[in-house]
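Structure file input.txt; described as compact mmCIF, C-alpha atoms and all ligand atoms.
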```txt
# COMPACT_ATOMS: atom_id res chain seq x y z
CA MET M 1 129.99 86.02 -58.08
CA THR M 2 128.45 87.12 -61.36
CA ALA M 3 129.01 84.04 -63.51
CA LEU M 4 126.45 83.29 -66.19
CA PRO M 5 123.77 81.05 -64.61
CA THR M 6 123.59 77.53 -66.01
CA SER M 7 119.95 78.23 -66.91
CA ARG M 8 121.29 80.40 -69.77
CA ALA M 9 122.63 78.79 -72.93
CA VAL M 10 126.12 79.41 -74.26
CA ALA M 11 126.50 79.79 -78.03
CA VAL M 12 129.83 78.94 -79.66
CA ILE M 13 130.24 80.34 -83.16
CA GLY M 14 132.96 78.63 -85.17
CA SER M 15 133.34 74.92 -84.42
CA GLY M 16 136.99 74.36 -85.29
CA ALA M 17 139.84 73.52 -82.93
CA MET M 18 139.02 76.27 -80.44
CA GLY M 19 135.24 76.28 -80.73
CA SER M 20 134.99 72.56 -80.00
CA GLY M 21 137.28 72.91 -76.96
CA ILE M 22 135.24 75.84 -75.64
CA ALA M 23 132.02 73.86 -76.16
CA GLN M 24 133.55 70.96 -74.23
CA VAL M 25 134.45 72.98 -71.13
CA ALA M 26 131.11 74.86 -71.12
CA ALA M 27 129.06 71.66 -71.49
CA ALA M 28 131.12 69.91 -68.80
CA ALA M 29 130.40 72.84 -66.47
CA GLY M 30 126.64 72.32 -66.86
CA TYR M 31 125.67 74.75 -69.62
CA THR M 32 123.55 74.02 -72.68
CA VAL M 33 125.87 74.75 -75.60
CA LYS M 34 124.71 75.64 -79.10
CA LEU M 35 127.37 75.26 -81.77
CA PHE M 36 127.20 77.08 -85.08
CA ASP M 37 129.57 77.08 -88.06
CA THR M 38 129.17 78.17 -91.68
CA ARG M 39 130.26 74.59 -92.46
CA PRO M 40 127.62 72.31 -90.89
CA GLU M 41 130.02 69.38 -91.13
CA ALA M 42 132.34 71.22 -88.72
CA VAL M 43 129.53 71.32 -86.11
CA ALA M 44 128.85 67.58 -86.51
CA LYS M 45 132.57 66.83 -86.23
CA ALA M 46 132.93 69.06 -83.15
CA ILE M 47 129.99 67.47 -81.32
CA ALA M 48 131.20 63.94 -82.14
CA GLY M 49 134.73 64.92 -81.08
CA VAL M 50 133.62 66.38 -77.74
CA ILE M 51 131.46 63.33 -76.96
CA GLY M 52 134.51 61.20 -77.81
CA MET M 53 136.57 63.27 -75.34
CA PHE M 54 133.94 62.77 -72.62
CA ASN M 55 134.02 59.01 -73.27
CA LYS M 56 137.82 59.00 -72.94
CA LEU M 57 137.50 60.81 -69.59
CA VAL M 58 135.08 58.07 -68.45
CA GLU M 59 137.61 55.40 -69.50
CA LYS M 60 140.28 57.19 -67.46
CA GLU M 61 137.85 57.40 -64.51
CA ARG M 62 138.02 61.19 -64.54
CA MET M 63 134.32 61.60 -65.31
CA SER M 64 131.35 59.41 -64.42
CA ALA M 65 129.41 57.77 -67.26
CA ALA M 66 126.26 59.62 -66.12
CA ASP M 67 128.02 63.02 -66.16
CA ALA M 68 129.49 62.30 -69.60
CA ALA M 69 126.08 61.35 -70.99
CA ALA M 70 124.48 64.46 -69.47
CA ALA M 71 127.24 66.77 -70.74
CA GLY M 72 127.06 65.23 -74.22
CA ALA M 73 123.30 65.75 -74.27
CA ARG M 74 123.80 69.45 -73.52
CA LEU M 75 125.55 69.95 -76.90
CA GLN M 76 123.19 71.18 -79.61
CA ALA M 77 123.81 71.95 -83.28
CA ALA M 78 122.54 75.37 -84.37
CA VAL M 79 121.44 75.05 -87.99
CA THR M 80 121.20 78.80 -88.52
CA LEU M 81 122.53 81.71 -86.48
CA ALA M 82 118.93 82.46 -85.45
CA ASP M 83 118.99 79.25 -83.39
CA VAL M 84 121.24 80.95 -80.80
CA ALA M 85 118.64 83.68 -80.07
CA ASP M 86 118.17 82.67 -76.40
CA ALA M 87 121.90 82.56 -75.54
CA GLY M 88 123.12 84.44 -72.47
CA LEU M 89 126.72 84.33 -73.71
CA VAL M 90 128.06 83.99 -77.24
CA VAL M 91 131.70 82.99 -77.65
CA GLU M 92 133.02 83.65 -81.15
CA ALA M 93 135.85 81.44 -82.45
CA ILE M 94 135.73 82.03 -86.21
CA VAL M 95 138.53 83.02 -88.59
CA GLU M 96 141.06 85.58 -87.25
CA ASN M 97 139.85 88.48 -89.41
CA LEU M 98 138.49 91.84 -88.20
CA ASP M 99 135.87 92.28 -90.94
CA ALA M 100 134.54 88.74 -90.49
CA LYS M 101 134.27 89.17 -86.71
CA ARG M 102 132.57 92.57 -87.02
CA ALA M 103 130.08 91.21 -89.55
CA LEU M 104 129.26 88.27 -87.29
CA PHE M 105 128.71 90.36 -84.14
CA THR M 106 126.66 92.95 -86.06
CA GLU M 107 124.39 90.15 -87.28
CA LEU M 108 124.25 88.57 -83.81
CA GLU M 109 122.98 91.86 -82.33
CA THR M 110 119.88 91.49 -84.52
CA ILE M 111 119.30 87.98 -83.11
CA VAL M 112 120.20 87.81 -79.39
CA GLY M 113 118.62 89.75 -76.51
CA ASP M 114 120.15 92.98 -75.20
CA ASP M 115 121.30 91.19 -72.02
CA CYS M 116 123.38 88.66 -73.98
CA ILE M 117 127.14 89.01 -73.48
CA LEU M 118 129.25 88.82 -76.62
CA ALA M 119 132.76 87.39 -76.29
CA THR M 120 135.52 86.99 -78.86
CA ASN M 121 138.26 84.38 -78.69
CA THR M 122 140.46 86.54 -80.93
CA SER M 123 144.17 85.93 -80.41
CA SER M 124 145.32 89.43 -81.28
CA ILE M 125 142.73 91.70 -82.89
CA SER M 126 141.70 94.82 -80.97
CA VAL M 127 138.54 94.10 -78.95
CA THR M 128 137.85 97.83 -79.15
CA ALA M 129 137.92 97.65 -82.96
CA ILE M 130 135.73 94.52 -83.12
CA GLY M 131 133.13 96.21 -80.91
CA ALA M 132 133.19 99.66 -82.54
CA PRO M 133 130.34 99.08 -85.05
CA LEU M 134 128.05 97.43 -82.49
CA ARG M 135 124.87 99.01 -81.17
CA LEU M 136 125.93 97.98 -77.63
CA PRO M 137 129.76 97.82 -77.73
CA GLN M 138 129.87 97.73 -73.92
CA ARG M 139 128.64 94.11 -73.96
CA LEU M 140 131.65 92.79 -75.93
CA ALA M 141 134.76 91.43 -74.20
CA GLY M 142 137.63 89.18 -75.20
CA MET M 143 137.51 85.63 -73.80
CA HIS M 144 140.83 84.31 -75.04
CA PHE M 145 141.35 80.61 -74.46
CA PHE M 146 144.54 78.68 -75.22
CA ASN M 147 145.00 75.54 -77.25
CA PRO M 148 144.07 72.79 -76.36
CA VAL M 149 141.21 74.44 -74.45
CA PRO M 150 140.34 71.53 -72.11
CA LEU M 151 143.96 71.32 -70.92
CA MET M 152 145.09 74.94 -70.81
CA ALA M 153 143.96 76.78 -67.68
CA LEU M 154 144.61 80.36 -68.72
CA VAL M 155 141.90 82.61 -70.16
CA GLU M 156 142.66 86.26 -70.93
CA VAL M 157 139.55 88.36 -70.28
CA VAL M 158 140.15 91.34 -72.51
CA SER M 159 138.47 94.72 -72.06
CA GLY M 160 138.20 97.12 -74.97
CA LEU M 161 137.79 100.83 -74.34
CA ALA M 162 133.99 100.49 -74.39
CA THR M 163 133.71 97.21 -72.44
CA ASP M 164 131.51 97.45 -69.36
CA ALA M 165 133.40 96.39 -66.19
CA ALA M 166 130.40 94.24 -65.18
CA VAL M 167 130.58 92.39 -68.50
CA ALA M 168 134.30 91.68 -68.02
CA ALA M 169 133.55 90.52 -64.46
CA THR M 170 130.87 88.08 -65.67
CA VAL M 171 133.17 86.68 -68.37
CA PHE M 172 135.93 86.34 -65.74
CA ASP M 173 133.68 84.56 -63.23
CA THR M 174 132.18 82.33 -65.92
CA ALA M 175 135.67 81.25 -67.03
CA ALA M 176 136.44 80.43 -63.38
CA VAL M 177 133.24 78.32 -63.12
CA TRP M 178 134.43 76.48 -66.25
CA GLY M 179 137.53 75.47 -64.28
CA LYS M 180 139.84 78.04 -65.86
CA SER M 181 142.31 80.55 -64.37
CA PRO M 182 141.23 83.88 -65.89
CA VAL M 183 143.27 87.09 -65.90
CA HIS M 184 142.10 90.56 -66.84
CA ALA M 185 143.92 92.20 -69.74
CA LYS M 186 143.48 95.36 -71.79
CA SER M 187 142.99 95.38 -75.53
CA THR M 188 146.62 95.84 -76.56
CA PRO M 189 147.93 94.04 -79.70
CA GLY M 190 148.41 90.35 -78.86
CA PHE M 191 147.19 91.01 -75.29
CA ILE M 192 149.66 89.41 -72.83
CA VAL M 193 150.62 85.92 -74.01
CA ASN M 194 150.60 86.41 -77.77
CA ARG M 195 152.67 89.58 -77.39
CA VAL M 196 155.29 87.87 -75.22
CA ALA M 197 155.26 84.80 -77.50
CA ARG M 198 155.96 86.67 -80.78
CA PRO M 199 159.77 86.66 -80.40
CA PHE M 200 159.64 82.94 -79.50
CA TYR M 201 158.32 82.14 -82.98
CA ALA M 202 160.20 84.92 -84.82
CA GLU M 203 163.59 83.96 -83.41
CA GLY M 204 162.86 80.31 -84.26
CA TRP M 205 162.33 81.29 -87.92
CA ARG M 206 165.45 83.48 -87.88
CA LEU M 207 167.55 80.62 -86.46
CA LEU M 208 166.23 78.38 -89.22
CA ASN M 209 167.04 81.01 -91.88
CA GLU M 210 170.55 81.37 -90.54
CA GLN M 211 170.86 77.55 -90.61
CA ALA M 212 171.86 77.55 -86.95
CA ALA M 213 170.02 74.24 -86.54
CA ASP M 214 167.06 72.41 -88.03
CA ALA M 215 163.52 72.72 -86.67
CA ALA M 216 163.61 69.42 -84.79
CA THR M 217 166.86 70.38 -83.04
CA ILE M 218 165.58 73.83 -82.09
CA ASP M 219 162.36 72.30 -80.75
CA ALA M 220 164.24 69.61 -78.81
CA VAL M 221 166.62 72.14 -77.25
CA LEU M 222 163.79 74.42 -76.12
CA ARG M 223 161.80 71.46 -74.78
CA GLU M 224 164.58 69.52 -73.11
CA ALA M 225 166.99 72.22 -71.99
CA GLY M 226 164.79 75.30 -71.98
CA GLY M 227 161.97 73.79 -69.96
CA PHE M 228 159.30 74.79 -72.49
CA ARG M 229 156.38 72.39 -73.00
CA MET M 230 156.93 72.64 -76.77
CA GLY M 231 159.48 74.24 -79.10
CA PRO M 232 158.37 76.98 -81.53
CA PHE M 233 157.87 74.80 -84.62
CA GLU M 234 155.88 72.02 -82.95
CA LEU M 235 153.81 74.68 -81.18
CA MET M 236 153.05 76.50 -84.45
CA ASP M 237 152.05 73.13 -85.96
CA LEU M 238 149.61 72.68 -83.06
CA ILE M 239 148.22 76.22 -83.27
CA GLY M 240 147.90 76.16 -87.08
CA HIS M 241 150.15 78.23 -89.36
CA ASP M 242 147.18 80.14 -90.77
CA VAL M 243 146.16 81.25 -87.27
CA ASN M 244 149.73 81.88 -86.09
CA PHE M 245 150.64 83.88 -89.22
CA SER M 246 147.46 86.00 -88.93
CA VAL M 247 148.27 86.79 -85.30
CA THR M 248 151.84 87.86 -86.15
CA GLN M 249 150.58 89.95 -89.05
CA SER M 250 147.98 91.63 -86.86
CA VAL M 251 150.50 92.45 -84.08
CA PHE M 252 153.00 93.70 -86.73
CA GLN M 253 150.41 96.03 -88.26
CA ALA M 254 149.07 97.17 -84.89
CA TYR M 255 152.59 98.30 -83.89
CA PHE M 256 152.98 100.29 -87.13
CA ASN M 257 155.16 97.65 -88.83
CA ASP M 258 157.69 97.41 -86.00
CA PRO M 259 160.39 95.12 -87.51
CA ARG M 260 160.54 93.09 -84.28
CA PHE M 261 157.19 91.58 -85.26
CA THR M 262 157.92 91.02 -88.98
CA PRO M 263 156.00 87.92 -90.16
CA SER M 264 158.03 85.05 -91.63
CA VAL M 265 157.97 84.57 -95.41
CA GLN M 266 158.73 80.89 -94.82
CA GLN M 267 155.59 80.58 -92.71
CA LEU M 268 153.59 82.40 -95.40
CA GLU M 269 154.75 79.74 -97.86
CA LEU M 270 153.45 77.00 -95.54
CA VAL M 271 150.10 78.82 -95.44
CA ASN M 272 150.11 79.22 -99.24
CA ALA M 273 150.74 75.48 -99.61
CA GLY M 274 147.96 74.57 -97.17
CA PHE M 275 150.57 73.00 -94.88
CA LEU M 276 148.79 74.34 -91.80
CA GLY M 277 150.16 71.91 -89.21
CA ARG M 278 148.50 69.05 -87.38
CA LYS M 279 145.03 69.95 -88.61
CA SER M 280 146.01 69.50 -92.27
CA GLY M 281 148.40 66.57 -91.76
CA ARG M 282 151.52 68.56 -92.58
CA GLY M 283 153.23 71.71 -91.34
CA CYS M 284 156.83 72.02 -90.17
CA TYR M 285 156.51 68.27 -89.60
CA PRO M 286 154.46 65.55 -91.32
CA TYR M 287 151.68 63.91 -89.28
CA GLY M 288 149.63 60.79 -89.49
CA GLU M 289 150.40 57.52 -91.16
CA GLY M 290 153.53 57.42 -93.26
CA ALA M 291 155.09 60.41 -91.52
CA ALA M 292 158.78 60.18 -92.30
CA VAL M 293 160.03 62.30 -89.43
CA PRO M 294 159.35 61.38 -85.78
CA GLN M 295 156.33 63.32 -84.60
CA PRO M 296 157.16 66.10 -82.19
P1 LIG M 301 139.75 76.79 -87.10
O1 LIG M 301 140.16 77.09 -88.49
O2 LIG M 301 140.07 75.46 -86.50
O3 LIG M 301 138.14 76.98 -86.95
C1 LIG M 301 137.46 78.13 -87.37
C2 LIG M 301 136.05 77.71 -87.73
O4 LIG M 301 135.25 78.89 -87.96
C3 LIG M 301 135.96 76.88 -89.03
O5 LIG M 301 135.27 75.67 -88.75
C4 LIG M 301 135.20 77.77 -90.00
O6 LIG M 301 134.35 77.06 -90.88
C5 LIG M 301 134.39 78.65 -89.05
N1 LIG M 301 133.99 79.94 -89.59
C6 LIG M 301 134.72 80.81 -90.34
N2 LIG M 301 134.01 81.92 -90.58
C7 LIG M 301 132.81 81.76 -89.95
C8 LIG M 301 131.66 82.59 -89.81
N3 LIG M 301 131.60 83.80 -90.36
N4 LIG M 301 130.61 82.12 -89.08
C9 LIG M 301 130.66 80.89 -88.52
N5 LIG M 301 131.73 80.06 -88.62
C10 LIG M 301 132.80 80.50 -89.32
O7 LIG M 301 140.34 77.98 -86.20
P2 LIG M 301 140.70 77.98 -84.64
O8 LIG M 301 142.10 77.55 -84.46
O9 LIG M 301 139.62 77.28 -83.90
O10 LIG M 301 140.66 79.56 -84.33
C11 LIG M 301 139.45 80.27 -84.20
C12 LIG M 301 139.70 81.59 -83.49
O11 LIG M 301 140.32 81.34 -82.22
C13 LIG M 301 140.61 82.58 -84.24
O12 LIG M 301 140.19 83.89 -83.97
C14 LIG M 301 141.95 82.32 -83.58
O13 LIG M 301 142.83 83.43 -83.68
C15 LIG M 301 141.54 82.08 -82.14
N6 LIG M 301 142.49 81.31 -81.35
C16 LIG M 301 143.16 80.23 -81.90
C17 LIG M 301 144.08 79.53 -81.15
C18 LIG M 301 144.81 78.36 -81.72
O14 LIG M 301 145.80 77.92 -81.11
N7 LIG M 301 144.40 77.80 -82.86
C19 LIG M 301 144.36 79.89 -79.74
C20 LIG M 301 143.53 80.98 -79.24
C21 LIG M 301 142.67 81.67 -80.03
```
Step by step, read the file and then write its structure as structure tokens.
Ligand code: NAI
Amino acid sequence: MTALPTSRAVAVIGSGAMGSGIAQVAAAAGYTVKLFDTRPEAVAKAIAGVIGMFNKLVEKERMSAADAAAAGARLQAAVTLADVADAGLVVEAIVENLDAKRALFTELETIVGDDCILATNTSSISVTAIGAPLRLPQRLAGMHFFNPVPLMALVEVVSGLATDAAVAATVFDTAAVWGKSPVHAKSTPGFIVNRVARPFYAEGWRLLNEQAADAATIDAVLREAGGFRMGPFELMDLIGHDVNFSVTQSVFQAYFNDPRFTPSVQQLELVNAGFLGRKSGRGCYPYGEGAAVPQP
């Protein structure tokens, strides 16, 4: 077993939907977690949200009050990136953009120790490409969680061409200690799940274009007859259309514009409008108070 010892802190960079979920599972597993975001208000919201989740688990008698208090106390706000200097593992969950991720990891290498493992939660970008400009590219691996992180067991542990096998093994074992079911994957576009899932979304958009049925009907059919947990439109609303569109675009480009992976212009319009899904209160469906359509 080569999991990160709980004496080492975990840094989570990017405190949005995924970062807060990752912080929750790491803190619950006994690690000190330092959260950083370029928007400090996102860190405050994430910490308050995770503590709220721990309190709900206490109410449901799935966590003791003492454990919840201890786990909540392990969450720390990093005011600057320099505050994560002592981390043994950094998990990046910022915007799905190669240049942004490279810039972050390059800066992190000037801050953390040489024994610190760097992990990216990228959904689809080549781990090899993210690591290429690093001084020690062998210490970078993908640690791809699924949304919502506390509920979804799977973690894809993604090795780029330069990733050290021992680094991938530590990320794998650490995910297992966090209560997850990790699998090893290679750095192919979309890895395993997001590659297999592309046609699920793409065919949903095509059916909508062809007016075969409306989004709610397609979702209901997939959920009720198909045995899927969610249909494509409600799932994209959960993931966020900005994230989902970026992933499709990245897989499309990585496969040299293979038409099978063509992004949806309708989805691009949702992104342009800021209708990103649940997180913005509107996507394929409206959310929150006054929503006219039943929530999926
Ligand atoms: P989000 O939009 O909820 O959160 C991203 C956060 O990163 C924001 O709070 C933003 O302020 C912050 N940020 C942006 N650039 C930054 C930088 N340079 N330094 C520090 N913070 C920065 O996005 P979400 O959904 O949490 O996704 C994050 C990553 O996780 C993306 O790479 C995405 O592809 C991946 N992912 C997303 C999944 C999903 O279902 N939403 C599932 C699995 C992976």
Please, which residues in chain M fall within 7 Å of ligand LIG 301 (chain M) when counting only C-alpha atoms and all ligand atoms, and what is the closest atom pair and distance in Å to one decimal for each, ordered by chain then residue number, as a Markdown table?
```
| residue | atom | partner | partner_atom | distance |
| --- | --- | --- | --- | --- |
| M:Ile13 | CA | M:LIG301 | C9 | 5.4 |
| M:Gly14 | CA | M:LIG301 | O4 | 3.6 |
| M:Ser15 | CA | M:LIG301 | O5 | 4.8 |
| M:Gly16 | CA | M:LIG301 | O3 | 3.3 |
| M:Ala17 | CA | M:LIG301 | O9 | 3.9 |
| M:Met18 | CA | M:LIG301 | O9 | 3.7 |
| M:Gly19 | CA | M:LIG301 | O9 | 5.5 |
| M:Phe36 | CA | M:LIG301 | C9 | 6.2 |
| M:Asp37 | CA | M:LIG301 | N5 | 3.7 |
| M:Thr38 | CA | M:LIG301 | N5 | 4.4 |
| M:Arg39 | CA | M:LIG301 | O6 | 5.0 |
| M:Ala42 | CA | M:LIG301 | O5 | 5.3 |
| M:Ala93 | CA | M:LIG301 | C12 | 4.0 |
| M:Ile94 | CA | M:LIG301 | O4 | 3.6 |
| M:Val95 | CA | M:LIG301 | C6 | 4.7 |
| M:Glu96 | CA | M:LIG301 | O12 | 3.8 |
| M:Ala100 | CA | M:LIG301 | N3 | 5.8 |
| M:Leu104 | CA | M:LIG301 | N3 | 5.9 |
| M:Asn121 | CA | M:LIG301 | O11 | 5.1 |
| M:Thr122 | CA | M:LIG301 | O12 | 4.0 |
| M:Ser123 | CA | M:LIG301 | O13 | 4.3 |
| M:Ser124 | CA | M:LIG301 | O13 | 6.9 |
| M:His144 | CA | M:LIG301 | C21 | 5.9 |
| M:Phe145 | CA | M:LIG301 | C20 | 5.3 |
| M:Phe146 | CA | M:LIG301 | C19 | 4.7 |
| M:Asn147 | CA | M:LIG301 | O14 | 4.6 |
| M:Leu238 | CA | M:LIG301 | O14 | 6.8 |
| M:Ile239 | CA | M:LIG301 | O14 | 3.7 |
| M:Gly240 | CA | M:LIG301 | N7 | 5.7 |
| M:Val243 | CA | M:LIG301 | O13 | 5.4 |
| M:Val247 | CA | M:LIG301 | O13 | 6.6 |
```
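Between Ile117 of chain M and the residues M:Ala68, M:Ala23, M:Ala11, M:Ile218, the shortest atom-to-atom distance, using only C-alpha atoms, involves M:Ala11.
With all atoms listed in the file taken into account, the protein and nucleic acid residues at most 8 Å from Ala27 of chain M (excluding it and anything under 3 positions from it in its own chain) are M:Ala23, M:Gln24, M:Gly30, M:Tyr31, M:Thr32, M:Val33, M:Ala71, M:Gly72, M:Arg74, M:Leu75.
Atom CA of Leu140 of chain M is found 8.2 Å from atom CA of Ala162 of chain M.
You can rank M:Leu235, M:Val127, M:Ala273, M:Ala103 by their closest distance to Ala197 of chain M using only C-alpha atoms, and at the top of that list sits M:Leu235.
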Non-local contacts of Thr174 of chain M (8 Å; all atoms listed in the file; under 6 positions in same chain excluded) as a PDB file with C-alpha atoms, keeping the file's coordinate frame:
```pdb
ATOM      1  CA  THR M   2     128.450  87.120 -61.360  1.00  0.00           C
ATOM      2  CA  ALA M   3     129.010  84.040 -63.510  1.00  0.00           C
ATOM      3  CA  LEU M   4     126.450  83.290 -66.190  1.00  0.00           C
TER       4      LEU M   4
END
```
Check the smallest atom-to-atom distance from each of M:Thr128, M:Val158, M:Glu210, M:Asn97 to Ser250 of chain M using only C-alpha atoms, then report the winner.
-> M:Asn97
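The gap separating atom CA of Lys34 of chain M from atom CA of Phe54 of chain M is 17.1 Å, in Å to one decimal.
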So which residues touch Ala132 of chain M within 12 Å, counting only C-alpha atoms, skipping near sequence neighbours fewer than 4 positions away, as an NGL selection string?
-> :M and (98-99 or 101-103 or 105-106 or 126-128 or 136-141 or 160-163)
Separation of atom CA of Ile130 of chain M from atom CA of Glu156 of chain M, in Å and rounded to one decimal | 16.3 Å
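Closest approach to Gly113 of chain M among M:Val183, M:Val90, M:Gln267, M:Ile22 is made by M:Val90 (distances from only C-alpha atoms).
Take the candidates M:Ala153, M:Ile51, M:Ala77, M:Leu108 and check each one against Arg135 of chain M using all atoms listed in the file; the shortest distance goes to M:Leu108.
Between Arg206 of chain M and the residues M:Ser159, M:Pro263, M:Asp237, M:Phe245, the shortest atom-to-atom distance, using only C-alpha atoms, involves M:Pro263.
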Excluding same-chain residues fewer than 3 positions from Phe233 of chain M, what lies within 7 Å of it counting all atoms listed in the file, as JSON, numbers by chain?
-> {"M": [215, 219, 236, 237, 284]}
